[in-house]
file start.pdb (PDB, C-alpha atoms)
ATOM      1  CA  MET A   1     -51.533-211.765  25.723
ATOM      2  CA  ILE A   2     -50.429-214.189  23.019
ATOM      3  CA  LEU A   3     -47.466-212.848  21.097
ATOM      4  CA  ASN A   4     -45.861-213.930  17.893
ATOM      5  CA  LYS A   5     -43.204-216.561  18.598
ATOM      6  CA  LEU A   6     -40.480-214.539  16.870
ATOM      7  CA  LEU A   7     -41.420-211.475  18.941
ATOM      8  CA  GLU A   8     -41.407-213.536  22.150
ATOM      9  CA  ARG A   9     -37.849-214.590  21.449
ATOM     10  CA  GLN A  10     -36.860-210.961  20.873
ATOM     11  CA  ILE A  11     -38.507-209.894  24.163
ATOM     12  CA  LYS A  12     -36.805-212.616  26.166
ATOM     13  CA  ARG A  13     -33.478-211.624  24.683
ATOM     14  CA  HIS A  14     -33.694-207.843  24.989
ATOM     15  CA  LEU A  15     -36.455-207.157  27.580
ATOM     16  CA  LYS A  16     -35.975-210.073  29.959
ATOM     17  CA  ASN A  17     -36.284-207.913  33.122
ATOM     18  CA  THR A  18     -39.279-205.920  31.911
ATOM     19  CA  ASP A  19     -42.741-206.529  33.355
ATOM     20  CA  LEU A  20     -45.010-206.117  30.388
ATOM     21  CA  GLU A  21     -48.183-206.526  32.416
ATOM     22  CA  SER A  22     -47.387-203.432  34.484
ATOM     23  CA  ASN A  23     -46.804-201.311  31.404
ATOM     24  CA  PRO A  24     -50.082-201.130  29.441
ATOM     25  CA  GLU A  25     -48.616-198.803  26.781
ATOM     26  CA  LEU A  26     -45.804-201.268  26.210
ATOM     27  CA  VAL A  27     -48.316-204.107  26.017
ATOM     28  CA  GLU A  28     -50.271-202.223  23.355
ATOM     29  CA  LEU A  29     -47.097-201.546  21.415
ATOM     30  CA  MET A  30     -45.970-205.152  21.708
ATOM     31  CA  PHE A  31     -49.364-206.298  20.551
ATOM     32  CA  ALA A  32     -49.184-204.024  17.475
ATOM     33  CA  ILE A  33     -45.678-205.302  16.755
ATOM     34  CA  SER A  34     -46.874-208.843  17.248
ATOM     35  CA  GLN A  35     -49.651-208.253  14.735
ATOM     36  CA  ALA A  36     -47.109-206.874  12.236
ATOM     37  CA  TYR A  37     -44.879-209.926  12.773
ATOM     38  CA  GLN A  38     -47.886-212.171  12.324
ATOM     39  CA  HIS A  39     -48.917-210.450   9.113
ATOM     40  CA  GLN A  40     -45.366-210.696   7.847
ATOM     41  CA  GLU A  41     -45.298-214.395   8.638
ATOM     42  CA  GLU A  42     -48.634-214.927   6.939
ATOM     43  CA  ASN A  43     -47.460-212.986   3.887
ATOM     44  CA  ARG A  44     -44.251-215.018   3.800
ATOM     45  CA  GLN A  45     -46.196-218.258   3.938
ATOM     46  CA  LEU A  46     -48.597-216.982   1.289
ATOM     47  CA  ILE A  47     -45.699-216.017  -0.990
ATOM     48  CA  GLU A  48     -44.075-219.407  -0.488
ATOM     49  CA  ARG A  49     -47.308-221.167  -1.326
ATOM     50  CA  SER A  50     -47.710-218.924  -4.386
ATOM     51  CA  LEU A  51     -44.179-219.673  -5.475
ATOM     52  CA  ASP A  52     -44.783-223.382  -5.001
ATOM     53  CA  LEU A  53     -47.984-223.075  -7.015
ATOM     54  CA  SER A  54     -46.286-220.963  -9.720
ATOM     55  CA  SER A  55     -43.427-223.416  -9.880
ATOM     56  CA  GLY A  56     -45.849-226.258 -10.327
ATOM     57  CA  GLU A  57     -47.806-224.385 -12.949
ATOM     58  CA  LEU A  58     -44.590-223.467 -14.746
ATOM     59  CA  THR A  59     -43.498-227.076 -14.650
ATOM     60  CA  GLU A  60     -46.769-228.151 -16.240
ATOM     61  CA  ALA A  61     -46.567-225.307 -18.743
ATOM     62  CA  ASN A  62     -42.979-226.236 -19.604
ATOM     63  CA  LYS A  63     -44.047-229.828 -20.116
ATOM     64  CA  ALA A  64     -46.793-228.657 -22.469
ATOM     65  CA  VAL A  65     -44.367-226.403 -24.341
ATOM     66  CA  GLN A  66     -41.808-229.208 -24.651
ATOM     67  CA  LYS A  67     -44.472-231.554 -25.959
ATOM     68  CA  ALA A  68     -45.680-228.974 -28.484
ATOM     69  CA  TYR A  69     -42.084-228.304 -29.529
ATOM     70  CA  GLN A  70     -41.491-232.019 -30.099
ATOM     71  CA  ILE A  71     -44.653-232.245 -32.200
ATOM     72  CA  ILE A  72     -43.596-229.198 -34.228
ATOM     73  CA  GLU A  73     -40.104-230.647 -34.711
ATOM     74  CA  LEU A  74     -41.540-233.935 -35.960
ATOM     75  CA  LYS A  75     -43.893-232.143 -38.340
ATOM     76  CA  ASN A  76     -41.037-229.904 -39.478
ATOM     77  CA  GLN A  77     -38.864-232.951 -40.147
ATOM     78  CA  ASP A  78     -41.721-234.532 -42.091
ATOM     79  CA  LEU A  79     -42.134-231.320 -44.085
ATOM     80  CA  ILE A  80     -38.403-231.102 -44.847
ATOM     81  CA  SER A  81     -38.341-234.777 -45.863
ATOM     82  CA  SER A  82     -41.309-234.184 -48.174
ATOM     83  CA  LEU A  83     -39.688-231.103 -49.701
ATOM     84  CA  GLU A  84     -36.393-232.935 -50.198
ATOM     85  CA  TYR A  85     -38.237-235.735 -51.972
ATOM     86  CA  ALA A  86     -40.127-233.142 -54.018
ATOM     87  CA  LYS A  87     -36.759-231.623 -54.989
ATOM     88  CA  LEU A  88     -35.570-235.011 -56.242
ATOM     89  CA  VAL A  89     -38.726-235.284 -58.347
ATOM     90  CA  GLN A  90     -38.363-231.706 -59.591
ATOM     91  CA  ASP A  91     -34.683-232.177 -60.473
ATOM     92  CA  SER A  92     -35.483-235.371 -62.380
ATOM     93  CA  MET A  93     -37.981-233.477 -64.539
ATOM     94  CA  LEU A  94     -35.898-230.381 -65.314
ATOM     95  CA  SER A  95     -32.735-229.889 -67.362
ATOM     96  CA  ARG A  96     -29.594-231.191 -65.731
ATOM     97  CA  GLU A  97     -26.295-229.410 -65.409
ATOM     98  CA  ALA A  98     -24.496-232.435 -66.868
ATOM     99  CA  TYR A  99     -26.445-232.024 -70.112
ATOM    100  CA  LEU A 100     -25.546-228.343 -70.286
ATOM    101  CA  LEU A 101     -21.871-229.207 -69.830
ATOM    102  CA  GLU A 102     -22.046-231.720 -72.677
ATOM    103  CA  ILE A 103     -23.036-228.901 -75.022
ATOM    104  CA  PHE A 104     -21.073-226.066 -73.392
ATOM    105  CA  PRO A 105     -18.161-227.526 -71.398
ATOM    106  CA  ASP A 106     -17.073-224.111 -70.099
ATOM    107  CA  SER A 107     -20.221-223.370 -68.111
ATOM    108  CA  PHE A 108     -21.312-223.118 -64.497
ATOM    109  CA  ILE A 109     -24.545-222.968 -62.522
ATOM    110  CA  PHE A 110     -25.105-221.337 -59.148
ATOM    111  CA  ASN A 111     -28.518-222.399 -57.821
ATOM    112  CA  ARG A 112     -29.718-221.494 -54.316
ATOM    113  CA  PRO A 113     -33.428-222.165 -53.652
ATOM    114  CA  LYS A 114     -34.938-220.239 -50.785
ATOM    115  CA  GLU A 115     -36.972-223.226 -49.555
ATOM    116  CA  ILE A 116     -35.368-226.449 -50.867
ATOM    117  CA  VAL A 117     -37.549-226.610 -54.002
ATOM    118  CA  SER A 118     -37.405-223.660 -56.349
ATOM    119  CA  GLY A 119     -39.296-221.592 -58.900
ATOM    120  CA  ASP A 120     -36.033-220.744 -60.711
ATOM    121  CA  PHE A 121     -34.727-223.138 -63.336
ATOM    122  CA  PHE A 122     -32.909-223.344 -66.642
ATOM    123  CA  TRP A 123     -33.990-225.074 -69.829
ATOM    124  CA  VAL A 124     -31.776-226.331 -72.617
ATOM    125  CA  TYR A 125     -32.746-228.093 -75.838
ATOM    126  CA  LYS A 126     -30.463-229.013 -78.724
ATOM    127  CA  ASN A 127     -31.317-230.164 -82.217
ATOM    128  CA  GLU A 128     -29.213-230.639 -85.361
ATOM    129  CA  LYS A 129     -28.952-226.926 -86.131
ATOM    130  CA  GLU A 130     -29.127-224.956 -82.916
ATOM    131  CA  THR A 131     -29.383-224.915 -79.149
ATOM    132  CA  PHE A 132     -32.134-223.230 -77.148
ATOM    133  CA  LEU A 133     -31.182-221.965 -73.709
ATOM    134  CA  ALA A 134     -33.351-220.216 -71.128
ATOM    135  CA  THR A 135     -33.415-219.107 -67.509
ATOM    136  CA  VAL A 136     -36.851-218.895 -65.933
ATOM    137  CA  ASP A 137     -38.074-217.230 -62.718
ATOM    138  CA  CYS A 138     -41.571-218.319 -61.702
ATOM    139  CA  THR A 139     -43.743-216.275 -59.380
ATOM    140  CA  GLY A 140     -43.047-216.980 -55.721
ATOM    141  CA  HIS A 141     -40.759-219.645 -54.357
ATOM    142  CA  GLY A 142     -41.022-222.960 -52.561
ATOM    143  CA  VAL A 143     -43.839-225.312 -53.543
ATOM    144  CA  PRO A 144     -45.890-222.859 -55.710
ATOM    145  CA  GLY A 145     -42.764-221.859 -57.628
ATOM    146  CA  ALA A 146     -41.704-225.484 -58.066
ATOM    147  CA  PHE A 147     -45.156-226.370 -59.385
ATOM    148  CA  MET A 148     -44.949-223.574 -61.958
ATOM    149  CA  SER A 149     -41.418-224.588 -62.946
ATOM    150  CA  VAL A 150     -42.488-228.119 -63.914
ATOM    151  CA  ILE A 151     -45.514-226.835 -65.872
ATOM    152  CA  SER A 152     -43.420-224.221 -67.706
ATOM    153  CA  PHE A 153     -40.645-226.689 -68.497
ATOM    154  CA  ARG A 154     -43.143-229.040 -70.128
ATOM    155  CA  PHE A 155     -44.614-226.222 -72.264
ATOM    156  CA  LEU A 156     -41.155-225.156 -73.447
ATOM    157  CA  ASN A 157     -40.417-228.711 -74.568
ATOM    158  CA  GLN A 158     -43.780-228.918 -76.326
ATOM    159  CA  ALA A 159     -43.066-225.704 -78.203
ATOM    160  CA  VAL A 160     -39.866-227.001 -79.832
ATOM    161  CA  ARG A 161     -40.495-230.763 -79.954
ATOM    162  CA  ASP A 162     -44.169-231.026 -80.820
ATOM    163  CA  TYR A 163     -44.896-227.710 -82.538
ATOM    164  CA  LYS A 164     -41.419-227.242 -84.057
ATOM    165  CA  LEU A 165     -41.296-223.549 -83.148
ATOM    166  CA  GLU A 166     -37.924-221.978 -83.818
ATOM    167  CA  LYS A 167     -38.110-218.253 -83.126
ATOM    168  CA  PRO A 168     -37.686-217.359 -79.439
ATOM    169  CA  SER A 169     -40.558-214.855 -79.627
ATOM    170  CA  GLU A 170     -42.892-217.572 -80.978
ATOM    171  CA  ILE A 171     -41.864-219.945 -78.206
ATOM    172  CA  LEU A 172     -42.578-217.313 -75.553
ATOM    173  CA  ASN A 173     -45.973-216.497 -77.058
ATOM    174  CA  PHE A 174     -46.814-220.201 -76.990
ATOM    175  CA  LEU A 175     -45.650-220.468 -73.366
ATOM    176  CA  ASN A 176     -47.775-217.456 -72.424
ATOM    177  CA  SER A 177     -50.867-218.851 -74.134
ATOM    178  CA  GLU A 178     -50.555-222.279 -72.498
ATOM    179  CA  ILE A 179     -50.000-220.891 -68.988
ATOM    180  CA  LYS A 180     -52.947-218.503 -69.300
ATOM    181  CA  ASN A 181     -55.243-221.256 -70.612
ATOM    182  CA  THR A 182     -54.083-223.798 -68.047
ATOM    183  CA  ILE A 183     -53.768-221.723 -64.898
ATOM    184  CA  THR A 184     -53.984-217.939 -64.949
ATOM    185  CA  ASP A 185     -57.386-217.405 -66.568
ATOM    186  CA  LYS A 186     -58.958-219.748 -63.997
ATOM    187  CA  ILE A 187     -57.842-217.548 -61.075
ATOM    188  CA  GLU A 188     -60.088-214.611 -60.137
ATOM    189  CA  ASN A 189     -57.742-212.961 -57.624
ATOM    190  CA  GLU A 190     -55.416-210.717 -59.652
ATOM    191  CA  GLU A 191     -52.675-210.832 -57.010
ATOM    192  CA  ALA A 192     -52.656-214.622 -57.050
ATOM    193  CA  LYS A 193     -52.324-214.946 -60.815
ATOM    194  CA  ASN A 194     -49.234-216.950 -61.698
ATOM    195  CA  ALA A 195     -46.566-215.458 -63.905
ATOM    196  CA  LEU A 196     -42.980-215.976 -64.902
ATOM    197  CA  ASP A 197     -40.044-214.022 -66.275
ATOM    198  CA  ILE A 198     -37.725-215.580 -68.810
ATOM    199  CA  SER A 199     -34.638-214.985 -70.937
ATOM    200  CA  LEU A 200     -34.483-217.238 -74.000
ATOM    201  CA  VAL A 201     -31.739-217.501 -76.613
ATOM    202  CA  LYS A 202     -31.465-219.582 -79.761
ATOM    203  CA  ILE A 203     -27.804-220.231 -80.518
ATOM    204  CA  ASP A 204     -26.847-220.851 -84.148
ATOM    205  CA  HIS A 205     -23.573-222.777 -83.935
ATOM    206  CA  LYS A 206     -22.876-222.731 -87.674
ATOM    207  CA  ASN A 207     -23.253-218.977 -88.136
ATOM    208  CA  GLN A 208     -21.865-218.138 -84.691
ATOM    209  CA  SER A 209     -24.772-215.980 -83.593
ATOM    210  CA  PHE A 210     -27.709-216.040 -81.216
ATOM    211  CA  GLU A 211     -31.201-214.589 -81.114
ATOM    212  CA  PHE A 212     -32.646-213.316 -77.829
ATOM    213  CA  SER A 213     -36.202-212.783 -76.631
ATOM    214  CA  GLY A 214     -37.016-212.067 -73.031
ATOM    215  CA  VAL A 215     -39.914-211.085 -70.810
ATOM    216  CA  GLY A 216     -39.320-209.381 -67.471
ATOM    217  CA  GLN A 217     -35.635-210.342 -67.347
ATOM    218  CA  LYS A 218     -32.203-209.067 -68.290
ATOM    219  CA  MET A 219     -29.004-210.873 -69.102
ATOM    220  CA  LEU A 220     -25.390-209.875 -69.724
ATOM    221  CA  PHE A 221     -23.257-210.770 -72.717
ATOM    222  CA  GLN A 222     -19.485-210.552 -72.407
ATOM    223  CA  ARG A 223     -18.004-210.253 -75.905
ATOM    224  CA  GLY A 224     -14.293-209.611 -75.923
ATOM    225  CA  GLU A 225     -13.778-206.534 -73.756
ATOM    226  CA  ASP A 226     -17.408-205.387 -74.043
ATOM    227  CA  LEU A 227     -20.097-206.187 -71.471
ATOM    228  CA  ILE A 228     -23.504-205.832 -73.118
ATOM    229  CA  GLU A 229     -26.718-205.635 -71.093
ATOM    230  CA  ILE A 230     -29.611-207.256 -72.953
ATOM    231  CA  ILE A 231     -33.046-206.248 -71.668
ATOM    232  CA  GLY A 232     -36.266-208.154 -72.247
ATOM    233  CA  ASP A 233     -39.750-206.740 -72.737
ATOM    234  CA  LYS A 234     -41.429-205.248 -69.665
ATOM    235  CA  PHE A 235     -44.359-207.523 -68.937
ATOM    236  CA  HIS A 236     -44.902-210.972 -67.402
ATOM    237  CA  ILE A 237     -45.772-214.213 -69.130
ATOM    238  CA  GLY A 238     -49.068-215.657 -67.938
ATOM    239  CA  GLN A 239     -50.183-212.497 -66.179
ATOM    240  CA  ASN A 240     -50.341-209.246 -68.129
ATOM    241  CA  LEU A 241     -48.998-210.345 -71.520
ATOM    242  CA  ASP A 242     -51.734-210.081 -74.145
ATOM    243  CA  SER A 243     -50.531-211.338 -77.525
ATOM    244  CA  GLN A 244     -53.068-209.062 -79.247
ATOM    245  CA  LYS A 245     -51.684-205.940 -77.571
ATOM    246  CA  HIS A 246     -48.048-206.773 -76.803
ATOM    247  CA  LYS A 247     -45.384-207.875 -79.224
ATOM    248  CA  ILE A 248     -42.439-209.865 -77.927
ATOM    249  CA  THR A 249     -39.333-208.456 -79.583
ATOM    250  CA  SER A 250     -36.141-210.204 -80.657
ATOM    251  CA  GLN A 251     -32.500-209.131 -80.769
ATOM    252  CA  GLU A 252     -29.627-210.773 -82.625
ATOM    253  CA  PHE A 253     -25.941-210.826 -81.668
ATOM    254  CA  GLU A 254     -22.788-212.189 -83.224
ATOM    255  CA  ILE A 255     -20.617-214.576 -81.240
ATOM    256  CA  GLU A 256     -16.943-213.687 -81.187
ATOM    257  CA  LYS A 257     -13.920-215.024 -79.360
ATOM    258  CA  ASN A 258     -14.315-214.984 -75.561
ATOM    259  CA  SER A 259     -18.090-214.633 -75.751
ATOM    260  CA  THR A 260     -19.925-215.609 -72.576
ATOM    261  CA  LEU A 261     -23.600-215.372 -71.618
ATOM    262  CA  TYR A 262     -24.524-214.585 -68.007
ATOM    263  CA  MET A 263     -28.179-215.446 -67.374
ATOM    264  CA  TYR A 264     -29.851-215.083 -63.987
ATOM    265  CA  SER A 265     -33.020-214.564 -61.996
ATOM    266  CA  ASP A 266     -33.571-211.427 -59.912
ATOM    267  CA  GLY A 267     -32.734-213.205 -56.621
ATOM    268  CA  TYR A 268     -29.051-212.271 -56.818
ATOM    269  CA  GLN A 269     -29.569-208.523 -57.306
ATOM    270  CA  ASP A 270     -32.471-208.378 -54.835
ATOM    271  CA  GLN A 271     -30.562-210.011 -51.971
ATOM    272  CA  PHE A 272     -30.224-207.703 -48.967
ATOM    273  CA  GLY A 273     -26.915-207.596 -47.129
ATOM    274  CA  GLY A 274     -23.627-205.788 -46.897
ATOM    275  CA  ALA A 275     -22.676-203.354 -44.149
ATOM    276  CA  ALA A 276     -25.702-201.108 -44.805
ATOM    277  CA  LEU A 277     -28.228-203.935 -45.424
ATOM    278  CA  LYS A 278     -28.988-202.899 -49.002
ATOM    279  CA  LYS A 279     -29.814-204.792 -52.179
ATOM    280  CA  PHE A 280     -26.859-206.164 -54.104
ATOM    281  CA  GLY A 281     -28.195-204.402 -57.185
ATOM    282  CA  THR A 282     -27.464-204.447 -60.899
ATOM    283  CA  LYS A 283     -24.455-202.130 -60.662
ATOM    284  CA  ARG A 284     -22.551-204.491 -58.344
ATOM    285  CA  LEU A 285     -23.605-207.429 -60.510
ATOM    286  CA  LYS A 286     -22.086-205.811 -63.600
ATOM    287  CA  GLU A 287     -18.915-204.952 -61.709
ATOM    288  CA  MET A 288     -18.601-208.539 -60.481
ATOM    289  CA  ILE A 289     -19.079-209.966 -63.974
ATOM    290  CA  GLY A 290     -16.566-207.514 -65.388
ATOM    291  CA  LEU A 291     -14.015-208.917 -62.933
ATOM    292  CA  ILE A 292     -14.804-212.635 -63.178
ATOM    293  CA  SER A 293     -14.979-212.683 -66.998
ATOM    294  CA  LYS A 294     -11.164-212.758 -67.056
ATOM    295  CA  LEU A 295     -11.051-215.872 -64.828
ATOM    296  CA  ASP A 296     -11.435-219.512 -65.782
ATOM    297  CA  ILE A 297     -14.917-220.972 -65.411
ATOM    298  CA  GLU A 298     -14.319-222.728 -62.067
ATOM    299  CA  GLN A 299     -12.963-219.534 -60.520
ATOM    300  CA  GLN A 300     -15.953-217.632 -61.902
ATOM    301  CA  LYS A 301     -18.361-220.014 -60.192
ATOM    302  CA  ALA A 302     -16.441-219.848 -56.910
ATOM    303  CA  THR A 303     -16.460-216.035 -56.992
ATOM    304  CA  VAL A 304     -20.208-215.886 -57.705
ATOM    305  CA  GLU A 305     -20.896-218.196 -54.740
ATOM    306  CA  GLU A 306     -18.514-216.429 -52.344
ATOM    307  CA  THR A 307     -19.747-212.973 -53.306
ATOM    308  CA  PHE A 308     -23.357-213.966 -52.671
ATOM    309  CA  GLN A 309     -22.571-215.554 -49.296
ATOM    310  CA  ASP A 310     -20.392-212.633 -48.190
ATOM    311  CA  TRP A 311     -23.051-210.115 -49.195
ATOM    312  CA  LYS A 312     -25.863-212.070 -47.491
ATOM    313  CA  ASN A 313     -23.693-212.149 -44.363
ATOM    314  CA  GLY A 314     -26.076-214.258 -42.274
ATOM    315  CA  TYR A 315     -29.260-212.431 -43.304
ATOM    316  CA  ASP A 316     -32.253-214.377 -44.602
ATOM    317  CA  GLN A 317     -32.304-215.190 -48.289
ATOM    318  CA  VAL A 318     -35.078-213.140 -49.867
ATOM    319  CA  ASP A 319     -35.829-215.249 -52.939
ATOM    320  CA  ASP A 320     -34.782-218.195 -55.061
ATOM    321  CA  THR A 321     -31.447-217.363 -56.657
ATOM    322  CA  PHE A 322     -30.172-218.703 -59.966
ATOM    323  CA  PHE A 323     -27.080-217.627 -61.900
ATOM    324  CA  MET A 324     -25.603-219.285 -64.979
ATOM    325  CA  GLY A 325     -22.483-218.558 -66.995
ATOM    326  CA  VAL A 326     -22.138-220.143 -70.460
ATOM    327  CA  LYS A 327     -19.053-219.630 -72.589
ATOM    328  CA  LEU A 328     -20.152-219.711 -76.212
ATOM    329  CA  ALA A 329     -16.724-219.309 -77.841
TER     330      ALA A 329
END

call {"tool": "encode", "arguments": {"input": "start.pdb", "output": "structure tokens"}}
result
Amino acid sequence: MILNKLLERQIKRHLKNTDLESNPELVELMFAISQAYQHQEENRQLIERSLDLSSGELTEANKAVQKAYQIIELKNQDLISSLEYAKLVQDSMLSREAYLLEIFPDSFIFNRPKEIVSGDFFWVYKNEKETFLATVDCTGHGVPGAFMSVISFRFLNQAVRDYKLEKPSEILNFLNSEIKNTITDKIENEEAKNALDISLVKIDHKNQSFEFSGVGQKMLFQRGEDLIEIIGDKFHIGQNLDSQKHKITSQEFEIEKNSTLYMYSDGYQDQFGGAALKKFGTKRLKEMIGLISKLDIEQQKATVEETFQDWKNGYDQVDDTFFMGVKLA
């Protein structure tokens, strides 16, 4: 009888004086045990071969994953480089903070795009009599938003430079008409139609007053001890604003000592965060402005930035975020 080598060693060690041939029952038992040992050995060898095979397959799979990761990283770097270049182009075409500070030295801008380039921007234009100032939030973010921002900026300039429009409501109607004719009316999918929200003021420096028209946006006006919420009309330029059915309204305000405009997109209020992962909201925004309005402009900007970062607390940014404070007097 041929026994498993491991079993033979066990027999020699523990049953060295036993005559297996004269004990048929023992032979049968030893044979069954030998078969079990043999099966165990075969299983062990099979498992080892499987592990060797799995290890090899995993090695090849890991190589493939590493290669794919490297390709993705390179493409991601190319994408980031392209977006950063696009941001340079976008910034060169839009209003610059330095120009704003020339007109209103006590001002600040907090601008945090979600994806390098942004659909949020500000527009400022000054002539001999007045200054036009706007914050604009284009639909979406990233590349589509940036595309809309450049188009909208050009139309705003055309309205005041080429067509000499002066009333904010007229400028917004012109902007709406141009965007619809250029983009929106050519898109069949309603959900994909481009739109924007905007707050626009015309500041009369001589008479110390400003006129406001807005669509889909709010802004806050700190005048002395009073914080005034100014609400625009409830539709969207380029999407559901029909000049035949909707009238863009205007509001006028006097500028007094310690008058400051706070103009912003909805990214700040809509940011999720805090201990309970909730939106920042309009109430907290008003409370923050009520506190910072007593600070100098640099401290105001620092508080707006710190508050946003603290509230976000490591969570993803939900949208482009733009916030501007402009001290008028």

call {"tool": "atom_distance", "arguments": {"input": "start.pdb", "atom1": "atom CA of Phe122 of chain A", "atom2": "atom CA of Asp137 of chain A"}}
result
8.9 Å

call {"tool": "residues_around", "arguments": {"input": "start.pdb", "residues": "segment 227-240 of chain A", "least_positions_apart": "5", "cutoff": "7 Å", "atoms": "only C-alpha atoms", "output": "PyMOL selection string"}}
result
chain A and resi 176+179-180+184+193-197+213-222+248

call {"tool": "atom_distance", "arguments": {"input": "start.pdb", "atom1": "atom CA of Ser250 of chain A", "atom2": "atom CA of Pro113 of chain A"}}
result
29.7 Å

call {"tool": "closest_residue", "arguments": {"input": "start.pdb", "among": "A:Phe110, A:Phe147, A:Phe121, A:Phe253", "to": "Phe308 of chain A", "atoms": "all atoms listed in the file"}}
result
A:Phe110

call {"tool": "closest_residue", "arguments": {"input": "start.pdb", "among": "A:Thr59, A:Ser209, A:Asn111, A:Thr249", "to": "Ile171 of chain A", "atoms": "only C-alpha atoms"}}
result
A:Thr249

call {"tool": "axis_aligned_box", "arguments": {"input": "start.pdb", "around": "segment 165-172 of chain A", "padding_each_side": "8 Å", "output": "JSON"}}
result
{"center_x": -40.3, "center_y": -219.2, "center_z": -79.7, "size_x": 21.2, "size_y": 24.7, "size_z": 24.3}

call {"tool": "resolve_selection", "arguments": {"input": "start.pdb", "expression": "the PyMOL selection byres ((chain A and resi 281) around 9)", "output": "ChimeraX atom specification"}}
result
/A:268-271,278-280,282-286

call {"tool": "resolve_selection", "arguments": {"input": "start.pdb", "expression": "the PyMOL selection byres ((chain A and resi 257) around 10)", "output": "PyMOL selection string"}}
result
chain A and resi 222-224+255-256+258-260+327-329

call {"tool": "closest_residue", "arguments": {"input": "start.pdb", "among": "A:Lys301, A:Lys294, A:His141, A:Lys167", "to": "Gly325 of chain A", "atoms": "all atoms listed in the file"}}
result
A:Lys301

call {"tool": "atom_distance", "arguments": {"input": "start.pdb", "atom1": "atom CA of Gln90 of chain A", "atom2": "atom CA of Arg154 of chain A"}}
result
11.9 Å

call {"tool": "resolve_selection", "arguments": {"input": "start.pdb", "expression": "the PyMOL selection byres ((chain A and resi 313) around 12)", "output": "VMD selection string"}}
result
chain A and resid 271 to 278 280 306 to 312 314 to 317

call {"tool": "closest_residue", "arguments": {"input": "start.pdb", "among": "A:Asp320, A:Asp162, A:Glu211, A:Asp296", "to": "Asp106 of chain A", "atoms": "only C-alpha atoms"}}
result
A:Asp296

call {"tool": "decode", "arguments": {"input": "start.pdb", "residues": "segment 60-98 of chain A", "atoms": "C-alpha atoms", "output": "PDB file, in the first residue's frame"}}
result
ATOM      1  CA  GLU A  60      -1.153  42.985 -14.250  1.00  0.00           C
ATOM      2  CA  ALA A  61      -4.387  44.642 -13.158  1.00  0.00           C
ATOM      3  CA  ASN A  62      -2.473  47.034 -10.901  1.00  0.00           C
ATOM      4  CA  LYS A  63      -0.176  47.891 -13.781  1.00  0.00           C
ATOM      5  CA  ALA A  64      -3.207  48.637 -15.952  1.00  0.00           C
ATOM      6  CA  VAL A  65      -4.783  50.742 -13.204  1.00  0.00           C
ATOM      7  CA  GLN A  66      -1.543  52.668 -12.652  1.00  0.00           C
ATOM      8  CA  LYS A  67      -1.245  53.321 -16.366  1.00  0.00           C
ATOM      9  CA  ALA A  68      -4.858  54.502 -16.573  1.00  0.00           C
ATOM     10  CA  TYR A  69      -4.322  56.695 -13.511  1.00  0.00           C
ATOM     11  CA  GLN A  70      -1.257  58.286 -15.108  1.00  0.00           C
ATOM     12  CA  ILE A  71      -3.217  58.963 -18.296  1.00  0.00           C
ATOM     13  CA  ILE A  72      -6.074  60.488 -16.289  1.00  0.00           C
ATOM     14  CA  GLU A  73      -3.625  62.624 -14.297  1.00  0.00           C
ATOM     15  CA  LEU A  74      -2.021  63.924 -17.487  1.00  0.00           C
ATOM     16  CA  LYS A  75      -5.408  64.705 -19.015  1.00  0.00           C
ATOM     17  CA  ASN A  76      -6.503  66.331 -15.756  1.00  0.00           C
ATOM     18  CA  GLN A  77      -3.366  68.480 -15.729  1.00  0.00           C
ATOM     19  CA  ASP A  78      -4.027  69.447 -19.344  1.00  0.00           C
ATOM     20  CA  LEU A  79      -7.617  70.324 -18.447  1.00  0.00           C
ATOM     21  CA  ILE A  80      -6.544  72.422 -15.447  1.00  0.00           C
ATOM     22  CA  SER A  81      -3.908  74.192 -17.559  1.00  0.00           C
ATOM     23  CA  SER A  82      -6.542  74.945 -20.206  1.00  0.00           C
ATOM     24  CA  LEU A  83      -8.994  76.238 -17.604  1.00  0.00           C
ATOM     25  CA  GLU A  84      -6.318  78.397 -15.980  1.00  0.00           C
ATOM     26  CA  TYR A  85      -5.491  79.891 -19.366  1.00  0.00           C
ATOM     27  CA  ALA A  86      -9.209  80.375 -20.018  1.00  0.00           C
ATOM     28  CA  LYS A  87      -9.436  82.217 -16.679  1.00  0.00           C
ATOM     29  CA  LEU A  88      -6.660  84.577 -17.770  1.00  0.00           C
ATOM     30  CA  VAL A  89      -8.579  85.271 -20.980  1.00  0.00           C
ATOM     31  CA  GLN A  90     -11.851  85.702 -19.084  1.00  0.00           C
ATOM     32  CA  ASP A  91     -10.282  88.044 -16.516  1.00  0.00           C
ATOM     33  CA  SER A  92      -8.751  90.158 -19.284  1.00  0.00           C
ATOM     34  CA  MET A  93     -12.194  90.663 -20.827  1.00  0.00           C
ATOM     35  CA  LEU A  94     -14.169  91.464 -17.668  1.00  0.00           C
ATOM     36  CA  SER A  95     -14.065  94.420 -15.282  1.00  0.00           C
ATOM     37  CA  ARG A  96     -11.048  94.503 -13.022  1.00  0.00           C
ATOM     38  CA  GLU A  97     -11.008  95.108  -9.308  1.00  0.00           C
ATOM     39  CA  ALA A  98      -8.357  97.808  -9.755  1.00  0.00           C
TER      40      ALA A  98
END
